[in-house]
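Notes for the one structure printed next.
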Amino acid sequence: MLERTGVPTREQIRGVTPPQEILNSKPVVIVECFQRIPCDPCHTACPTGAILEFEDINDLPKVDWSKCTGCALCVAKCPGLAVFVVDMTYSDKEAIVKIPYEFRPLPNKDEIVECLNREGVVVCEGKVIHVFEPFKDGTKVVSVVVPKEFAMEVRHVRVVRKDE
Amino acid sequence: MKETEILIVGGGPAGLSAAIEAVKAGAKVLLIDDGLKLGGQLIKQTHKFFGSKEEYAGTRGFKIAEILLSELEKSGDRFEAITNTTVTGYYADDGVFGALTGEEKYFKVKPKKTIVATGAYERTIPVPNCDLPGVYGAGAVQTLMNVYGVKPGERALMVGAGNIGLIVSYQLAQAGVKVQAVVEAMPKIGGYWVHASKIRRIGIPIYTSHTIKEIHGKEYVEGATIVQVNERWEPVEGTEKHIEADLICLAVGLSPLIELLWQAGCEMRYIPELGGYVPVRDREMRTSHPDFYVAGDAAAIEEASTAMIEGKIAGLCAAKSLGYDIPDFEEKFNAFWEQLDSLRKGPVTEKIRQGLPKAIVGEAYRHA
């Protein structure tokens with residue numbers, strides 16, 4: 001399916017989602033990389049060793065969940081923009097999703113944005129709580145707060161300003 | 001007439017890398033490029049590159065060009081570059097090249113060795129009305145947007161879901177162009193799936209097993225009809241869709257740009273997996289002509305990462321053939337090949353692995 005549509009299947013997503021107890025305990029990385037291509041910057045960007053070293057540069061990334069702090073440096077570094085961080089511990093009903101972002105305008109802190117799923121469909125609204133650019137290379141990481149049920153769905157945000 | 005030890009034709013990733021290695025080895029290099037700025041396609045690549053650290057993975061293409069050029073700035077008088085100049089031909093009887101700067105200044109160059117790093121040209125597909133203004137190759141769209149800052153249209157249809165089609169669709173969206181659809185005649189997306197996912201989540205549909213049937217418009221492009229194709233590439237009646245667009249962007253593949261190698265009489269082979277006719281070469285990237293080397297897309301349509309390493313090999317070996325003493329030659333040569341082999345190991349480079357053995361002669365060409 002992914003090779004025909006560009007949208008990963010449920011099974012593929014399940015395969016890169018950490019066990020429930022880890023997902024509910026801390027912010028963790030979700031590496032949505034499903035094709036063996038020659039690429040390893042997610043590993044070299046990781047400061048804690050959570051994204052394991054590649055034996056073959058074509059390998060898919062492997063994650064040691066216990067070491068991941070959800071810092072999102074890999075989110076900013078991945079050339080394929082295929083890495084996200086999900087933090088289910090934010091509140092009872094809400095989670096944070098950290099998303100790589102390379103568009104204008106940039107969302108402001110506290111701005112309400114449209115949240116899109118992997119098919120580009122708006123599934124909910126979210127509140128941006130943080131925008132940062134760890135490598136000062138044009139790729140921002142946007143942290144958006146969404147209802148928990150959408151945390152594994154939302155993968156892009158769109159800024160909508162009526163007056164512009 | 002200009003004389004030089006090594007002439008490099010083309011200042012893209014392969015040519016610049018070849019220059020760096022050749023200069024490092026002690027050789028005198030003249031690089032000629034038809035662009036206004038050196039860097040080839042790198043200067044319009046705003047996305048981050050894949051690969052490993054050695055090939056600047058995670059760095060944007062235009063930044064890689066800056067890194068390579070700053071490296072060359074250390075070369076002193078061993079390196080000269082002439083831009084806005086096309087190498088127009090090679091005269092085999094006296095080993096002289098003709099070159100044309102702009103449209104008026106013609107001059108001759110006589111090198112001892114030549115590295116052809118001319119890259120590729122874009123293929124096109126014939127479709128009714130494909131001569132209307134608003135039909136572009138993807139390379140031109142990138143040049144307009146990313147080099148000159150010109151928005152090429154308001155609503156675009158992308159033809160081709162290889163890496164270029166996917167990447168340029170994303171860049172069009174970044175520039176504020178609405179990409180209506182990407183059509184791909186193959187049943188599968190040809191480019192990296194991460195690039196496909198990246199454009200899907202921002203709302204761009206990808207139609208695989210679809211092709212463009214007709215472009216509409218009187219004075220300029222106003223839209224196009226797309227249609228599904230079956231496994232025999234025949235249009236499926238009744239599946240036509242109309243797409244409104246003022247920009248049709250063709251990203252339907254590349255072919256090696258190899259005219260100079262033909263003129264030099266190099267042995268050429270038609271190898272579809274590598275993009276068409278390519279020169280036969282040995283592991284030093286030397287062609288059947290003892291004074292001609294090749295690197296990058298002119299050798300096989302691949303990635304900028306492999307082009308840079310091939311360029312290094314060609315630059316290193318061309319310098320060695322001039323008699324420069326390179327104490328760590330073996331070590332470097334083997335390391336470059338290891339990098340190439342590792343980048344070419346995965347499933348996305350399967351075609352390249354099938355094609356290369358047909359292009360590379362096992363032992364070094366035995367030049368008299």
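Letters for chains follow the order of the structure tokens (A, B, ...), residue numbers begin at 1 for each chain, and ligand numbers begin at 1 in the order shown.
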Please identify all polymer residues within 12 Å of Gly119 of chain B, counting only C-alpha atoms, omitting same-chain residues fewer than 2 positions from it, and present them as a CSV table (one decimal) with N, CA and C atoms, in the first residue's frame.
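Written output follows (out39.csv):
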```csv
chain,number,residue,atom,x,y,z
B,8,ILE,N,38.2,19.4,-16.2
B,8,ILE,CA,36.9,18.7,-15.7
B,8,ILE,C,35.8,19.5,-16.4
B,9,VAL,N,34.9,18.7,-17.1
B,9,VAL,CA,33.8,19.3,-17.7
B,9,VAL,C,32.6,19.1,-16.8
B,10,GLY,N,32.1,20.1,-16.2
B,10,GLY,CA,30.9,20.0,-15.3
B,10,GLY,C,31.3,20.3,-13.9
B,11,GLY,N,30.6,21.2,-13.3
B,11,GLY,CA,30.9,21.6,-11.9
B,11,GLY,C,29.8,21.3,-10.9
B,12,GLY,N,29.2,20.1,-11.1
B,12,GLY,CA,28.2,19.6,-10.1
B,12,GLY,C,28.9,18.8,-9.0
B,13,PRO,N,28.2,17.9,-8.3
B,13,PRO,CA,28.8,17.2,-7.2
B,13,PRO,C,30.0,16.3,-7.7
B,14,ALA,N,29.9,15.7,-8.9
B,14,ALA,CA,31.0,14.8,-9.3
B,14,ALA,C,32.2,15.7,-9.7
B,15,GLY,N,32.0,16.7,-10.5
B,15,GLY,CA,33.1,17.5,-11.0
B,15,GLY,C,33.8,18.2,-9.9
B,33,ASP,N,32.2,25.0,-16.6
B,33,ASP,CA,30.8,24.7,-16.3
B,33,ASP,C,29.9,25.7,-17.1
B,34,ASP,N,28.8,25.2,-17.6
B,34,ASP,CA,27.9,26.0,-18.3
B,34,ASP,C,27.0,26.9,-17.5
B,39,GLY,N,28.3,24.3,-9.0
B,39,GLY,CA,27.5,23.5,-8.0
B,39,GLY,C,26.5,22.6,-8.8
B,40,GLY,N,26.3,22.8,-10.1
B,40,GLY,CA,25.4,22.0,-10.8
B,40,GLY,C,24.0,22.0,-10.2
B,41,GLN,N,23.4,20.8,-10.2
B,41,GLN,CA,22.1,20.6,-9.6
B,41,GLN,C,22.0,20.9,-8.1
B,42,LEU,N,23.2,20.8,-7.5
B,42,LEU,CA,23.2,21.0,-6.0
B,42,LEU,C,22.6,22.3,-5.6
B,115,ILE,N,38.2,14.8,-17.3
B,115,ILE,CA,37.1,14.1,-16.5
B,115,ILE,C,35.8,14.6,-17.0
B,116,VAL,N,35.0,13.8,-17.6
B,116,VAL,CA,33.7,14.2,-18.0
B,116,VAL,C,32.7,14.0,-16.9
B,117,ALA,N,32.2,15.1,-16.3
B,117,ALA,CA,31.2,15.1,-15.2
B,117,ALA,C,30.1,16.0,-15.6
B,121,TYR,N,20.6,14.8,-18.9
B,121,TYR,CA,19.5,15.7,-19.4
B,121,TYR,C,18.2,15.1,-19.0
B,122,GLU,N,17.2,15.9,-18.9
B,122,GLU,CA,15.8,15.5,-18.6
B,122,GLU,C,15.1,14.9,-19.8
B,254,LEU,N,15.9,10.8,-16.3
B,254,LEU,CA,17.1,11.4,-16.8
B,254,LEU,C,17.9,10.5,-17.7
B,255,SER,N,18.7,11.0,-18.6
B,255,SER,CA,19.6,10.3,-19.4
B,255,SER,C,21.0,10.9,-19.3
B,256,PRO,N,22.0,10.0,-19.3
B,256,PRO,CA,23.4,10.5,-19.2
B,256,PRO,C,23.7,11.4,-20.4
B,257,LEU,N,24.5,12.5,-20.1
B,257,LEU,CA,24.9,13.5,-21.1
B,257,LEU,C,26.3,13.1,-21.5
B,258,ILE,N,26.4,12.5,-22.7
B,258,ILE,CA,27.7,11.8,-23.0
B,258,ILE,C,28.3,12.1,-24.3
B,259,GLU,N,27.8,13.2,-24.9
B,259,GLU,CA,28.3,13.5,-26.3
B,259,GLU,C,29.8,13.6,-26.4
B,260,LEU,N,30.5,14.2,-25.4
B,260,LEU,CA,31.9,14.4,-25.5
B,260,LEU,C,32.6,13.0,-25.5
B,275,GLY,N,20.4,4.2,-17.3
B,275,GLY,CA,19.8,5.4,-17.9
B,275,GLY,C,20.0,5.6,-19.3
B,278,VAL,N,26.1,4.6,-21.8
B,278,VAL,CA,27.1,5.0,-20.8
B,278,VAL,C,28.5,4.5,-21.3
B,294,VAL,N,35.3,9.4,-16.3
B,294,VAL,CA,33.9,9.8,-16.2
B,294,VAL,C,33.5,9.7,-14.8
B,295,ALA,N,32.5,10.5,-14.4
B,295,ALA,CA,32.0,10.4,-13.0
B,295,ALA,C,30.6,11.0,-12.9
B,296,GLY,N,29.8,10.5,-12.0
B,296,GLY,CA,28.5,11.1,-11.8
B,296,GLY,C,27.4,10.6,-12.7
B,297,ASP,N,26.4,11.4,-13.0
B,297,ASP,CA,25.3,10.9,-13.8
B,297,ASP,C,25.7,10.6,-15.2
B,298,ALA,N,26.8,11.2,-15.7
B,298,ALA,CA,27.3,10.9,-17.1
B,298,ALA,C,27.7,9.4,-17.1
B,299,ALA,N,28.0,8.8,-16.0
B,299,ALA,CA,28.4,7.4,-15.9
B,299,ALA,C,27.2,6.5,-15.6
B,300,ALA,N,26.2,7.0,-14.9
B,300,ALA,CA,25.0,6.2,-14.6
B,300,ALA,C,24.1,7.1,-13.8
B,301,ILE,N,22.8,7.1,-14.1
B,301,ILE,CA,21.9,8.0,-13.3
B,301,ILE,C,21.8,7.4,-11.9
B,302,GLU,N,22.4,8.1,-11.0
B,302,GLU,CA,22.3,7.7,-9.6
B,302,GLU,C,22.1,8.9,-8.7
B,303,GLU,N,22.6,8.9,-7.5
B,303,GLU,CA,22.4,10.0,-6.5
B,303,GLU,C,23.6,10.9,-6.5
B,304,ALA,N,23.4,12.1,-5.9
B,304,ALA,CA,24.6,13.0,-5.8
B,304,ALA,C,25.6,12.4,-4.9
B,307,ALA,N,27.7,10.2,-6.9
B,307,ALA,CA,28.4,11.1,-7.9
B,307,ALA,C,29.7,11.7,-7.2
B,308,MET,N,29.5,12.1,-6.0
B,308,MET,CA,30.7,12.8,-5.3
B,308,MET,C,31.8,11.8,-5.1
B,311,GLY,N,33.4,11.0,-8.4
B,311,GLY,CA,34.3,12.2,-8.7
B,311,GLY,C,35.6,12.1,-8.0
```
(request) Show me which bits of chain A are within 9 Å of chain B, counting only C-alpha atoms, as a ChimeraX atom specification. (result) /A:2-8,32-42,44,56-59,77-82,102-104,116-121,137,155-158
How about saving the chosen residues, N, CA and C atoms kept, as a tab-separated table (two decimals), in the first residue's frame?
```
chain	number	residue	atom	x	y	z
A	2	LEU	N	1.80	1.31	0.96
A	2	LEU	CA	2.67	2.49	1.07
A	2	LEU	C	3.33	2.80	-0.27
A	3	GLU	N	3.73	1.75	-1.00
A	3	GLU	CA	4.44	1.99	-2.25
A	3	GLU	C	3.51	2.49	-3.36
A	4	ARG	N	2.20	2.35	-3.15
A	4	ARG	CA	1.25	2.87	-4.15
A	4	ARG	C	0.68	4.24	-3.74
A	5	THR	N	0.57	4.46	-2.44
A	5	THR	CA	-0.17	5.65	-1.97
A	5	THR	C	0.70	6.66	-1.24
A	6	GLY	N	1.82	6.23	-0.71
A	6	GLY	CA	2.62	7.11	0.13
A	6	GLY	C	2.15	7.15	1.58
A	7	VAL	N	1.10	6.35	1.87
A	7	VAL	CA	0.57	6.33	3.24
A	7	VAL	C	0.88	4.98	3.88
A	8	PRO	N	1.61	4.96	5.00
A	8	PRO	CA	1.90	3.67	5.65
A	8	PRO	C	0.64	3.02	6.19
A	32	GLU	N	8.96	6.59	11.47
A	32	GLU	CA	8.09	6.05	10.43
A	32	GLU	C	8.87	5.86	9.12
A	33	CYS	N	9.88	5.01	9.22
A	33	CYS	CA	10.80	4.76	8.11
A	33	CYS	C	10.66	3.29	7.74
A	34	PHE	N	10.11	3.01	6.55
A	34	PHE	CA	9.75	1.64	6.21
A	34	PHE	C	10.46	1.09	4.99
A	35	GLN	N	11.40	1.83	4.48
A	35	GLN	CA	12.08	1.39	3.26
A	35	GLN	C	13.57	1.42	3.50
A	36	ARG	N	14.25	0.38	3.05
A	36	ARG	CA	15.69	0.33	3.25
A	36	ARG	C	16.36	1.25	2.22
A	37	ILE	N	16.77	2.41	2.70
A	37	ILE	CA	17.50	3.35	1.85
A	37	ILE	C	18.82	3.69	2.54
A	38	PRO	N	19.84	4.09	1.77
A	38	PRO	CA	21.13	4.37	2.41
A	38	PRO	C	21.12	5.70	3.17
A	39	CYS	N	20.90	5.63	4.49
A	39	CYS	CA	20.70	6.85	5.26
A	39	CYS	C	20.82	6.54	6.75
A	40	ASP	N	21.58	7.36	7.49
A	40	ASP	CA	21.70	7.10	8.94
A	40	ASP	C	21.77	8.33	9.85
A	41	PRO	N	21.40	9.53	9.39
A	41	PRO	CA	21.53	10.69	10.28
A	41	PRO	C	20.69	10.62	11.57
A	42	CYS	N	19.61	9.85	11.61
A	42	CYS	CA	18.82	9.75	12.85
A	42	CYS	C	19.70	9.18	13.95
A	44	THR	N	23.12	9.29	14.00
A	44	THR	CA	24.23	10.19	14.36
A	44	THR	C	23.72	11.42	15.13
A	56	ASP	N	24.48	-1.91	8.56
A	56	ASP	CA	24.46	-1.58	7.14
A	56	ASP	C	23.69	-0.28	7.04
A	57	ILE	N	24.26	0.68	6.28
A	57	ILE	CA	23.61	1.99	6.20
A	57	ILE	C	22.21	1.91	5.60
A	58	ASN	N	21.90	0.79	4.95
A	58	ASN	CA	20.56	0.62	4.37
A	58	ASN	C	19.55	0.06	5.37
A	59	ASP	N	20.01	-0.31	6.56
A	59	ASP	CA	19.10	-0.87	7.55
A	59	ASP	C	18.01	0.12	7.94
A	77	LYS	N	16.52	16.22	12.30
A	77	LYS	CA	17.64	15.81	11.45
A	77	LYS	C	17.23	14.92	10.28
A	78	CYS	N	16.22	14.08	10.46
A	78	CYS	CA	15.86	13.08	9.44
A	78	CYS	C	15.61	13.76	8.09
A	79	PRO	N	16.41	13.40	7.05
A	79	PRO	CA	16.21	14.02	5.74
A	79	PRO	C	14.86	13.68	5.12
A	80	GLY	N	14.25	12.60	5.59
A	80	GLY	CA	12.96	12.19	5.03
A	80	GLY	C	11.78	12.73	5.81
A	81	LEU	N	12.04	13.53	6.85
A	81	LEU	CA	10.99	14.05	7.74
A	81	LEU	C	10.05	12.91	8.18
A	82	ALA	N	10.65	11.82	8.57
A	82	ALA	CA	9.86	10.62	8.87
A	82	ALA	C	9.86	10.29	10.36
A	102	GLU	N	8.63	22.66	7.73
A	102	GLU	CA	9.47	23.45	6.83
A	102	GLU	C	8.64	24.40	5.96
A	103	PHE	N	7.56	24.96	6.53
A	103	PHE	CA	6.71	25.85	5.74
A	103	PHE	C	6.63	27.23	6.38
A	104	ARG	N	6.08	28.16	5.58
A	104	ARG	CA	5.76	29.49	6.08
A	104	ARG	C	4.25	29.68	5.98
A	116	LEU	N	-3.26	17.58	10.59
A	116	LEU	CA	-3.54	16.68	9.48
A	116	LEU	C	-2.96	15.29	9.75
A	117	ASN	N	-3.66	14.28	9.20
A	117	ASN	CA	-3.16	12.91	9.36
A	117	ASN	C	-2.22	12.56	8.20
A	118	ARG	N	-1.85	11.30	8.11
A	118	ARG	CA	-0.87	10.88	7.10
A	118	ARG	C	-1.40	10.97	5.69
A	119	GLU	N	-2.73	11.11	5.56
A	119	GLU	CA	-3.32	11.26	4.22
A	119	GLU	C	-3.59	12.72	3.89
A	120	GLY	N	-3.18	13.61	4.77
A	120	GLY	CA	-3.39	15.03	4.50
A	120	GLY	C	-4.79	15.51	4.82
A	121	VAL	N	-5.53	14.74	5.63
A	121	VAL	CA	-6.89	15.13	6.01
A	121	VAL	C	-6.84	15.78	7.39
A	137	ASP	N	18.97	24.91	10.63
A	137	ASP	CA	19.14	24.55	9.21
A	137	ASP	C	17.83	24.62	8.44
A	155	ARG	N	0.18	14.13	11.92
A	155	ARG	CA	1.59	14.14	11.46
A	155	ARG	C	1.96	15.42	10.71
A	156	HIS	N	1.04	16.39	10.66
A	156	HIS	CA	1.37	17.67	10.03
A	156	HIS	C	0.44	18.73	10.60
A	157	VAL	N	0.91	19.96	10.64
A	157	VAL	CA	0.04	21.06	11.08
A	157	VAL	C	-0.02	22.11	9.98
A	158	ARG	N	-1.16	22.79	9.93
A	158	ARG	CA	-1.32	23.84	8.93
A	158	ARG	C	-1.78	25.11	9.66
```
Contacts of Gly126 of chain A at 12 Å or less, counting only C-alpha atoms, minus same-chain residues fewer than 5 places along, as a PDB file with C-alpha atoms, in the first residue's frame?
```
ATOM      1  CA  GLU A  94      -4.142  15.457  25.699  1.00  0.00           C
ATOM      2  CA  ALA A  95      -0.826  14.462  24.194  1.00  0.00           C
ATOM      3  CA  ILE A  96       2.026  16.354  22.549  1.00  0.00           C
ATOM      4  CA  VAL A  97       3.137  15.486  19.030  1.00  0.00           C
ATOM      5  CA  LYS A  98       6.496  16.866  17.859  1.00  0.00           C
ATOM      6  CA  PRO A 107       2.973  28.884  13.876  1.00  0.00           C
ATOM      7  CA  LYS A 109       3.295  29.791  20.484  1.00  0.00           C
ATOM      8  CA  ASP A 110      -0.283  29.217  21.703  1.00  0.00           C
ATOM      9  CA  GLU A 111      -1.657  29.404  18.160  1.00  0.00           C
ATOM     10  CA  ILE A 112      -4.487  27.049  17.243  1.00  0.00           C
ATOM     11  CA  VAL A 113      -3.599  25.133  14.060  1.00  0.00           C
ATOM     12  CA  GLU A 114      -5.221  22.522  11.843  1.00  0.00           C
ATOM     13  CA  CYS A 115      -3.816  19.054  12.435  1.00  0.00           C
ATOM     14  CA  LEU A 116      -3.541  16.677   9.484  1.00  0.00           C
ATOM     15  CA  VAL A 142       6.630  22.112  16.176  1.00  0.00           C
ATOM     16  CA  SER A 143       5.175  20.732  19.400  1.00  0.00           C
ATOM     17  CA  VAL A 144       1.402  20.618  19.150  1.00  0.00           C
ATOM     18  CA  VAL A 145      -1.080  19.540  21.802  1.00  0.00           C
ATOM     19  CA  VAL A 146      -3.859  17.309  20.469  1.00  0.00           C
ATOM     20  CA  PRO A 147      -6.568  15.066  22.000  1.00  0.00           C
ATOM     21  CA  LYS A 148      -4.897  11.780  22.975  1.00  0.00           C
ATOM     22  CA  PHE A 150      -5.300  11.685  17.659  1.00  0.00           C
ATOM     23  CA  ALA A 151      -1.705  11.505  18.883  1.00  0.00           C
ATOM     24  CA  VAL A 154      -1.595  13.768  13.533  1.00  0.00           C
ATOM     25  CA  ARG A 155       1.586  14.143  11.461  1.00  0.00           C
ATOM     26  CA  HIS A 156       1.372  17.668  10.026  1.00  0.00           C
ATOM     27  CA  VAL A 157       0.036  21.057  11.076  1.00  0.00           C
ATOM     28  CA  ARG A 158      -1.323  23.843   8.933  1.00  0.00           C
ATOM     29  CA  VAL A 159      -1.422  27.467   9.984  1.00  0.00           C
ATOM     30  CA  VAL A 160      -4.729  29.093   9.077  1.00  0.00           C
TER      31      VAL A 160
END
```
(request) From a DSSP pass on the backbone, collect the residues of chain A flagged as helix (DSSP H, G or I) and hand them back as a PyMOL selection string. (result) chain A and resi 2-5+10-16+20-23+41-45+65-67+73-77+148-150
What would the file look like if the residues just selected were written as a PDB file, in the first residue's frame with N, CA and C atoms?
```
ATOM      1  N   LEU A   2       1.800   1.310   0.957  1.00  0.00           N
ATOM      2  CA  LEU A   2       2.667   2.490   1.067  1.00  0.00           C
ATOM      3  C   LEU A   2       3.325   2.802  -0.268  1.00  0.00           C
ATOM      4  N   GLU A   3       3.730   1.752  -0.997  1.00  0.00           N
ATOM      5  CA  GLU A   3       4.441   1.987  -2.254  1.00  0.00           C
ATOM      6  C   GLU A   3       3.508   2.492  -3.356  1.00  0.00           C
ATOM      7  N   ARG A   4       2.199   2.348  -3.152  1.00  0.00           N
ATOM      8  CA  ARG A   4       1.247   2.872  -4.147  1.00  0.00           C
ATOM      9  C   ARG A   4       0.684   4.236  -3.740  1.00  0.00           C
ATOM     10  N   THR A   5       0.565   4.456  -2.440  1.00  0.00           N
ATOM     11  CA  THR A   5      -0.167   5.647  -1.970  1.00  0.00           C
ATOM     12  C   THR A   5       0.704   6.659  -1.243  1.00  0.00           C
ATOM     13  N   ARG A  10      -1.690   0.576   8.813  1.00  0.00           N
ATOM     14  CA  ARG A  10      -1.848   0.441  10.277  1.00  0.00           C
ATOM     15  C   ARG A  10      -0.785  -0.516  10.840  1.00  0.00           C
ATOM     16  N   GLU A  11      -0.577  -1.625  10.128  1.00  0.00           N
ATOM     17  CA  GLU A  11       0.377  -2.634  10.618  1.00  0.00           C
ATOM     18  C   GLU A  11       1.787  -2.042  10.663  1.00  0.00           C
ATOM     19  N   GLN A  12       2.123  -1.280   9.626  1.00  0.00           N
ATOM     20  CA  GLN A  12       3.453  -0.661   9.608  1.00  0.00           C
ATOM     21  C   GLN A  12       3.610   0.295  10.791  1.00  0.00           C
ATOM     22  N   ILE A  13       2.576   1.088  11.053  1.00  0.00           N
ATOM     23  CA  ILE A  13       2.648   2.033  12.178  1.00  0.00           C
ATOM     24  C   ILE A  13       2.755   1.263  13.495  1.00  0.00           C
ATOM     25  N   ARG A  14       1.963   0.198  13.616  1.00  0.00           N
ATOM     26  CA  ARG A  14       2.024  -0.604  14.836  1.00  0.00           C
ATOM     27  C   ARG A  14       3.445  -1.125  15.062  1.00  0.00           C
ATOM     28  N   GLY A  15       4.090  -1.507  13.981  1.00  0.00           N
ATOM     29  CA  GLY A  15       5.439  -2.055  14.073  1.00  0.00           C
ATOM     30  C   GLY A  15       6.484  -1.079  14.589  1.00  0.00           C
ATOM     31  N   VAL A  16       6.222   0.227  14.494  1.00  0.00           N
ATOM     32  CA  VAL A  16       7.215   1.202  14.969  1.00  0.00           C
ATOM     33  C   VAL A  16       6.732   1.932  16.225  1.00  0.00           C
ATOM     34  N   GLN A  20       2.745  -0.203  24.905  1.00  0.00           N
ATOM     35  CA  GLN A  20       1.844   0.730  25.567  1.00  0.00           C
ATOM     36  C   GLN A  20       2.421   1.313  26.861  1.00  0.00           C
ATOM     37  N   GLU A  21       3.084   0.460  27.672  1.00  0.00           N
ATOM     38  CA  GLU A  21       3.570   0.964  28.972  1.00  0.00           C
ATOM     39  C   GLU A  21       4.647   2.029  28.776  1.00  0.00           C
ATOM     40  N   ILE A  22       5.435   1.905  27.714  1.00  0.00           N
ATOM     41  CA  ILE A  22       6.457   2.924  27.444  1.00  0.00           C
ATOM     42  C   ILE A  22       5.813   4.176  26.869  1.00  0.00           C
ATOM     43  N   LEU A  23       4.878   3.969  25.923  1.00  0.00           N
ATOM     44  CA  LEU A  23       4.180   5.096  25.303  1.00  0.00           C
ATOM     45  C   LEU A  23       3.476   5.942  26.372  1.00  0.00           C
ATOM     46  N   PRO A  41      21.398   9.531   9.393  1.00  0.00           N
ATOM     47  CA  PRO A  41      21.527  10.689  10.281  1.00  0.00           C
ATOM     48  C   PRO A  41      20.691  10.625  11.566  1.00  0.00           C
ATOM     49  N   CYS A  42      19.609   9.849  11.608  1.00  0.00           N
ATOM     50  CA  CYS A  42      18.823   9.751  12.849  1.00  0.00           C
ATOM     51  C   CYS A  42      19.698   9.178  13.953  1.00  0.00           C
ATOM     52  N   HIS A  43      20.523   8.211  13.567  1.00  0.00           N
ATOM     53  CA  HIS A  43      21.435   7.619  14.562  1.00  0.00           C
ATOM     54  C   HIS A  43      22.513   8.631  14.984  1.00  0.00           C
ATOM     55  N   THR A  44      23.120   9.288  14.004  1.00  0.00           N
ATOM     56  CA  THR A  44      24.230  10.186  14.362  1.00  0.00           C
ATOM     57  C   THR A  44      23.719  11.416  15.130  1.00  0.00           C
ATOM     58  N   ALA A  45      22.430  11.752  14.955  1.00  0.00           N
ATOM     59  CA  ALA A  45      21.883  12.913  15.666  1.00  0.00           C
ATOM     60  C   ALA A  45      21.482  12.581  17.103  1.00  0.00           C
ATOM     61  N   TRP A  65      13.985   1.858  23.322  1.00  0.00           N
ATOM     62  CA  TRP A  65      13.022   2.784  23.936  1.00  0.00           C
ATOM     63  C   TRP A  65      13.494   3.265  25.296  1.00  0.00           C
ATOM     64  N   SER A  66      14.227   2.408  26.012  1.00  0.00           N
ATOM     65  CA  SER A  66      14.607   2.763  27.382  1.00  0.00           C
ATOM     66  C   SER A  66      15.514   3.991  27.386  1.00  0.00           C
ATOM     67  N   LYS A  67      16.250   4.217  26.282  1.00  0.00           N
ATOM     68  CA  LYS A  67      17.200   5.331  26.255  1.00  0.00           C
ATOM     69  C   LYS A  67      16.608   6.610  25.678  1.00  0.00           C
ATOM     70  N   LEU A  73      15.762  15.698  18.532  1.00  0.00           N
ATOM     71  CA  LEU A  73      16.852  16.088  17.618  1.00  0.00           C
ATOM     72  C   LEU A  73      16.780  15.279  16.317  1.00  0.00           C
ATOM     73  N   CYS A  74      16.398  14.001  16.429  1.00  0.00           N
ATOM     74  CA  CYS A  74      16.264  13.172  15.231  1.00  0.00           C
ATOM     75  C   CYS A  74      15.102  13.650  14.366  1.00  0.00           C
ATOM     76  N   VAL A  75      14.077  14.207  15.009  1.00  0.00           N
ATOM     77  CA  VAL A  75      12.932  14.749  14.263  1.00  0.00           C
ATOM     78  C   VAL A  75      13.418  15.857  13.321  1.00  0.00           C
ATOM     79  N   ALA A  76      14.311  16.701  13.856  1.00  0.00           N
ATOM     80  CA  ALA A  76      14.822  17.808  13.057  1.00  0.00           C
ATOM     81  C   ALA A  76      15.844  17.344  12.025  1.00  0.00           C
ATOM     82  N   LYS A  77      16.525  16.223  12.298  1.00  0.00           N
ATOM     83  CA  LYS A  77      17.639  15.812  11.446  1.00  0.00           C
ATOM     84  C   LYS A  77      17.227  14.919  10.282  1.00  0.00           C
ATOM     85  N   LYS A 148      -5.715  13.005  22.961  1.00  0.00           N
ATOM     86  CA  LYS A 148      -4.897  11.780  22.975  1.00  0.00           C
ATOM     87  C   LYS A 148      -5.236  10.810  21.853  1.00  0.00           C
ATOM     88  N   GLU A 149      -6.535  10.723  21.519  1.00  0.00           N
ATOM     89  CA  GLU A 149      -6.920   9.734  20.500  1.00  0.00           C
ATOM     90  C   GLU A 149      -6.348  10.069  19.121  1.00  0.00           C
ATOM     91  N   PHE A 150      -5.872  11.308  18.951  1.00  0.00           N
ATOM     92  CA  PHE A 150      -5.300  11.685  17.659  1.00  0.00           C
ATOM     93  C   PHE A 150      -3.761  11.712  17.661  1.00  0.00           C
TER      94      PHE A 150
END
```
(request) Would you kindly return, as a list in words, each protein, DNA or RNA residue with an atom no farther than 9 Å from any atom of Met285 of chain B, considering only C-alpha atoms and excluding same-chain residues fewer than 3 positions away? (result) Val280, Arg281, Asp282, Phe292, Tyr293, Val294, Ala295, Ala299, Glu310, Gly311, Ile313, Ala314, Cys317, Ala318 and Ile360 of chain B
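Taking atom CA of Leu261 of chain B and atom CA of Phe97 of chain B as endpoints, the distance between them is 11.9 Å.
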(request) Just the strand (DSSP E) stuff from segment 48-123 of chain A, please, per backbone DSSP, written as a list in words. (result)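 So, restricting segment 48-123 of chain A to strand (DSSP E), we get Val83, Phe84, Val85, Val86, Asp87, Glu94, Ala95, Ile96, Val97, Lys98, Ile99, Pro100, Tyr101, Ile112, Val113, Glu114, Cys115, Leu116, Val122 and Val123 of chain A.
Put simply, atom CA of Ile167 of chain B is 9.7 Å away from atom CA of Ala138 of chain B.
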(message) Rounded to one decimal, what separation in Å do you get between atom CA of Gly265 of chain B and atom CA of Thr287 of chain B?
(response)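 Computing the Euclidean distance for atom CA of Gly265 of chain B and atom CA of Thr287 of chain B yields 9.8 Å.
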(request) Find, counting only C-alpha atoms, the residue in B:Pro133, B:Ile226, B:Tyr106, B:Leu166 that gets nearest to Gly238 of chain B. (result)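 Looking only at the distances to Gly238 of chain B, the closest residue turns out to be B:Ile226.
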(message) Give me the residues near Leu356 of chain B as a list in words, where near means some atom within 9 Å (using only C-alpha atoms) and where sequence neighbours in that chain fewer than 2 positions away do not count.
(response)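 Once the nearby chain positions are removed, what remains is Ile271, Glu273, Leu274, Ala300, Lys351, Ile352, Arg353, Gln354, Lys358, Ala359 and Ile360 of chain B.
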